[in-house]
Amino acid sequence: MAVLLLLLLAVGLRAEQQESSSSNLVTQDANSTLSTIQRLIQILQRCGIEETRALKRVFLSTPNITCNDGSPAGFYLRRSHGSRRWIVFLEGGWYCYDQRSCHSRWQRLRHLMTSRHWPETRSVGGILSMNPEDNQFWWNANHVLVPYCTSDSWSGTRVQPTAETRFSFMGALVVRQVVQDLLPLGLGNASLLLLAGSSAGGTGVMVNLNPVAALLPHVSVRGVSDSGWFLDRAPYSQDGQALAPLDAVKKGIQLWQGQVPSECRTLYPLEPWRCYFGYRAYPTLTAPLFVFQWLFDEAQMTADNVGAPVTKQQWDYIHQMGDSLRGSFCNVTAVFAPSCISHSVLTKKDWQSVKIDEVSLPQALRCWEMSAHSGTGLGQTPLPLKLARNLVRSGTSPTVEAPQRRRKTTGNNKGKKKKGTRPRQRRAVEGCTHHLIEHCSWPQCNHSCPRLTNPFTGQEMDFIELLKSFGLDMMSVANALGIDMHTLNNMDHEELLNLLTQRAN
């Protein structure tokens, strides 16, 4: 049995060495190696060793850093001895911001506020999978899952429970202590740390990326934000039962004693809560960030209170949301943004399925990761703080307008190399790209989008049904395409998608 484990380790080391020396992401010559690994894993499963591959629970070494209810915070760890690459993943789950919302969360979502029922082991898919078929590039990295139990978008520093809610909020302190506890377990000798997260965890990545990078000065620290890039725009309508998202975040940052990037707080001294929104915080990040965001994110639509669109006004608002998201990525160096209706992806089993221009998300991520080794760029370069301040004072979005301003600055540097003036590097490794934004304006126009289900029947919706659910006049669609209704109703899904995409383009 030990021989099998050693053989598996040797194959893993060989695969990692090949990855680190290769400059081409999309080569397919690793198939035979992956097949061998898969057979070994199957043998280990039959021999009853599968349980050793699960992520194992570890509580923090500092007992006074806790979940909302005072129970110990912690993480789940799976070591990959011999690998110097680490993935620390922050789970998501929204937040609460006052006594009423926190009480409601405690009643309905208690597992997001306590560790009292955490199992000893957990298995997670996607980028934390140990199956090389499901996770070709990071299956043999060290995997760390940090459960979300602080309800503060991983930003809180409030140690003493408030009289109002009787909860503490220590998300940022949890992240910091997780990193400290991992140092003697191998993180101190790491070559790479990917700090990743989905939804509120994706926002938590942006909030904690600079502090984590500062804790690990000799490690290449990079962030991966999945579905955490929200917009601080006015909602479609006001929900009488809850605060608007902007007002909720304003209250939340005070309740949590929220920590946001210090450089961003300098830009927004009177409105530090704006630093929870990715396009505002991004220019101030000192470590590279990869952004994954569905252009029609379900959480964004929920926050905007747009509801199930049945009117032209709702449909127009959703289109504007997609356009606004595209605009917010103007200065983002590494991004993957499909035109789909969904939320989060990194730990889902089918995370490899979604593609843009035939490039999958794992391929784009790997291309971006390899850019550090190829010497062609480190991700994004933060805006000079003075420039960003000027953009804020002028009411201009620093993310959207930065490329033009930066080019001007570069042209006027008079031979002096200034921070933030390096041109963007989109193609970090020859033959691959990590900057992919869908330009089709129709939700679900990407053939690889996750399938939608009818909320009333639970059945999968076809494309015509989806369009009808948006309140679209199908006769107008038929007239615009130059076909009759019978042809439209019987048209193949992909054929209709192609027609609509061509017309949109």
# chains A, B, ... in the order shown; residues from 1 in each chain; ligands from 1
call {"tool": "residues_around", "arguments": {"residues": "A:Val178", "least_positions_apart": "2", "cutoff": "8 Å", "atoms": "only C-alpha atoms", "output": "PyMOL selection string"}}
result
chain A and resi 60+74-75+174-176+180-182
call {"tool": "closest_residue", "arguments": {"among": "A:Trp273, A:Trp256, A:Trp442, A:Trp139", "to": "A:Ser339", "atoms": "only C-alpha atoms"}}
result
A:Trp442
call {"tool": "atom_distance", "arguments": {"atom1": "atom CA of A:His111", "atom2": "atom CA of A:Phe230"}}
result
24.2 Å
call {"tool": "select_by_dssp", "arguments": {"residues": "stretch 267-318 of chain A", "states": "alpha helix (DSSP H)", "output": "VMD selection string"}}
result
chain A and resid 267 278 to 281 298 to 303 312 to 318
call {"tool": "residues_around", "arguments": {"residues": "A:Ser227", "least_positions_apart": "5", "cutoff": "6 Å", "atoms": "only C-alpha atoms", "output": "list in words"}}
result
Ser198, Ser199, Gln293 and Ser344 of chain A
call {"tool": "select_by_dssp", "arguments": {"residues": "stretch 87-140 of chain A", "states": "strand (DSSP E)", "output": "mmCIF file with N, CA, C and O atoms, in the first residue's frame"}}
result
data_model
loop_
_atom_site.group_PDB
_atom_site.id
_atom_site.type_symbol
_atom_site.label_atom_id
_atom_site.label_comp_id
_atom_site.auth_asym_id
_atom_site.auth_seq_id
_atom_site.Cartn_x
_atom_site.Cartn_y
_atom_site.Cartn_z
ATOM 1 N N ILE A 87 -3.638 26.373 -2.502
ATOM 2 C CA ILE A 87 -4.895 27.065 -2.775
ATOM 3 C C ILE A 87 -5.634 27.204 -1.455
ATOM 4 O O ILE A 87 -5.924 26.196 -0.785
ATOM 5 N N VAL A 88 -5.910 28.423 -1.049
ATOM 6 C CA VAL A 88 -6.742 28.694 0.133
ATOM 7 C C VAL A 88 -8.053 29.276 -0.377
ATOM 8 O O VAL A 88 -8.065 30.344 -0.997
ATOM 9 N N PHE A 89 -9.146 28.565 -0.119
ATOM 10 C CA PHE A 89 -10.444 28.935 -0.691
ATOM 11 C C PHE A 89 -11.395 29.433 0.397
ATOM 12 O O PHE A 89 -11.636 28.743 1.397
ATOM 13 N N LEU A 90 -11.937 30.648 0.204
ATOM 14 C CA LEU A 90 -12.892 31.253 1.134
ATOM 15 C C LEU A 90 -14.310 30.992 0.640
ATOM 16 O O LEU A 90 -14.681 31.404 -0.461
ATOM 17 N N THR A 121 -14.382 15.741 8.249
ATOM 18 C CA THR A 121 -13.796 15.795 6.910
ATOM 19 C C THR A 121 -14.815 16.344 5.921
ATOM 20 O O THR A 121 -16.033 16.277 6.162
ATOM 21 N N ARG A 122 -14.312 16.901 4.831
ATOM 22 C CA ARG A 122 -15.177 17.382 3.754
ATOM 23 C C ARG A 122 -14.537 17.074 2.408
ATOM 24 O O ARG A 122 -13.311 17.018 2.279
#
call {"tool": "closest_residue", "arguments": {"among": "A:Leu112, A:Ile127, A:Leu173, A:Cys445", "to": "A:Trp94", "atoms": "only C-alpha atoms"}}
result
A:Leu112
call {"tool": "closest_residue", "arguments": {"among": "A:Leu185, A:Leu195, A:Leu488, A:Val146", "to": "A:Ser476", "atoms": "only C-alpha atoms"}}
result
A:Leu488
call {"tool": "closest_residue", "arguments": {"among": "A:Trp351, A:Tyr76, A:Trp106, A:Tyr95", "to": "A:Val249", "atoms": "only C-alpha atoms"}}
result
A:Tyr95
call {"tool": "residues_around", "arguments": {"residues": "A:Gln136", "least_positions_apart": "4", "cutoff": "9 Å", "atoms": "only C-alpha atoms", "output": "list in words"}}
result
Leu34, Ile127, Asn131, Pro132, Asn140 and Pro362 of chain A
call {"tool": "write_last_selection", "arguments": {"atoms": "N, CA and C atoms", "output": "PDB file, in the first residue's frame"}}
result
ATOM      1  N   LEU A  34      -2.357  11.639 -16.863  1.00  0.00           N
ATOM      2  CA  LEU A  34      -3.613  11.746 -16.127  1.00  0.00           C
ATOM      3  C   LEU A  34      -4.327  10.404 -16.072  1.00  0.00           C
ATOM      4  N   ILE A 127     -11.924  23.395  -8.280  1.00  0.00           N
ATOM      5  CA  ILE A 127     -10.506  23.722  -8.127  1.00  0.00           C
ATOM      6  C   ILE A 127      -9.889  23.094  -6.877  1.00  0.00           C
ATOM      7  N   ASN A 131      -9.202  14.938  -8.157  1.00  0.00           N
ATOM      8  CA  ASN A 131      -9.352  14.134  -9.366  1.00  0.00           C
ATOM      9  C   ASN A 131      -8.754  14.890 -10.548  1.00  0.00           C
ATOM     10  N   PRO A 132      -7.689  14.380 -11.170  1.00  0.00           N
ATOM     11  CA  PRO A 132      -7.060  15.124 -12.272  1.00  0.00           C
ATOM     12  C   PRO A 132      -7.954  15.298 -13.482  1.00  0.00           C
ATOM     13  N   ASN A 140      -3.013  18.358  -7.662  1.00  0.00           N
ATOM     14  CA  ASN A 140      -1.972  17.936  -6.726  1.00  0.00           C
ATOM     15  C   ASN A 140      -1.397  19.096  -5.926  1.00  0.00           C
ATOM     16  N   PRO A 362     -10.489  26.895 -16.527  1.00  0.00           N
ATOM     17  CA  PRO A 362      -9.207  26.410 -16.006  1.00  0.00           C
ATOM     18  C   PRO A 362      -8.030  26.743 -16.924  1.00  0.00           C
TER      19      PRO A 362
END
call {"tool": "closest_residue", "arguments": {"among": "A:Ser104, A:Ser83, A:Asn210, A:Ser115", "to": "A:Cys67", "atoms": "only C-alpha atoms"}}
result
A:Ser115
call {"tool": "residues_around", "arguments": {"residues": "A:Glu438", "least_positions_apart": "4", "cutoff": "9 Å", "atoms": "only C-alpha atoms", "output": "ChimeraX atom specification"}}
result
/A:295,326,336-339,356-357,446
call {"tool": "closest_residue", "arguments": {"among": "A:Pro63, A:Gly70, A:Gly197, A:Pro269", "to": "A:Phe167", "atoms": "only C-alpha atoms"}}
result
A:Gly70
call {"tool": "residues_around", "arguments": {"residues": "A:Cys264", "least_positions_apart": "6", "cutoff": "10 Å", "atoms": "only C-alpha atoms", "output": "MDAnalysis selection string"}}
result
chainID A and resid 207 272:276 280:285 385 388:389
call {"tool": "write_last_selection", "arguments": {"atoms": "C-alpha atoms", "output": "compact mmCIF listing (two decimals), in the first residue's frame"}}
result
# COMPACT_ATOMS: atom_id res chain seq x y z
CA VAL A 207 -10.53 42.64 0.84
CA PRO A 272 -14.96 53.34 2.80
CA TRP A 273 -17.84 50.91 2.18
CA ARG A 274 -17.35 51.48 -1.56
CA CYS A 275 -14.19 49.38 -1.30
CA TYR A 276 -16.33 46.24 -1.12
CA ARG A 280 -13.33 50.45 -7.00
CA ALA A 281 -10.91 48.30 -4.98
CA TYR A 282 -9.10 46.71 -7.94
CA PRO A 283 -6.81 49.67 -8.83
CA THR A 284 -5.42 49.65 -5.28
CA LEU A 285 -4.51 45.95 -5.09
CA LEU A 385 -2.51 56.68 -5.78
CA ALA A 388 -6.70 57.40 -8.57
CA ARG A 389 -7.54 60.19 -6.11
call {"tool": "residues_around", "arguments": {"residues": "A:Arg84", "least_positions_apart": "2", "cutoff": "9 Å", "atoms": "only C-alpha atoms", "output": "list of chain:residue names"}}
result
A:Ser80, A:His81, A:Gly82, A:Trp86, A:Ala141, A:Asn142, A:Gly186, A:Leu187, A:Asn189, A:Ala190, A:Ser191, A:Leu192, A:Leu193
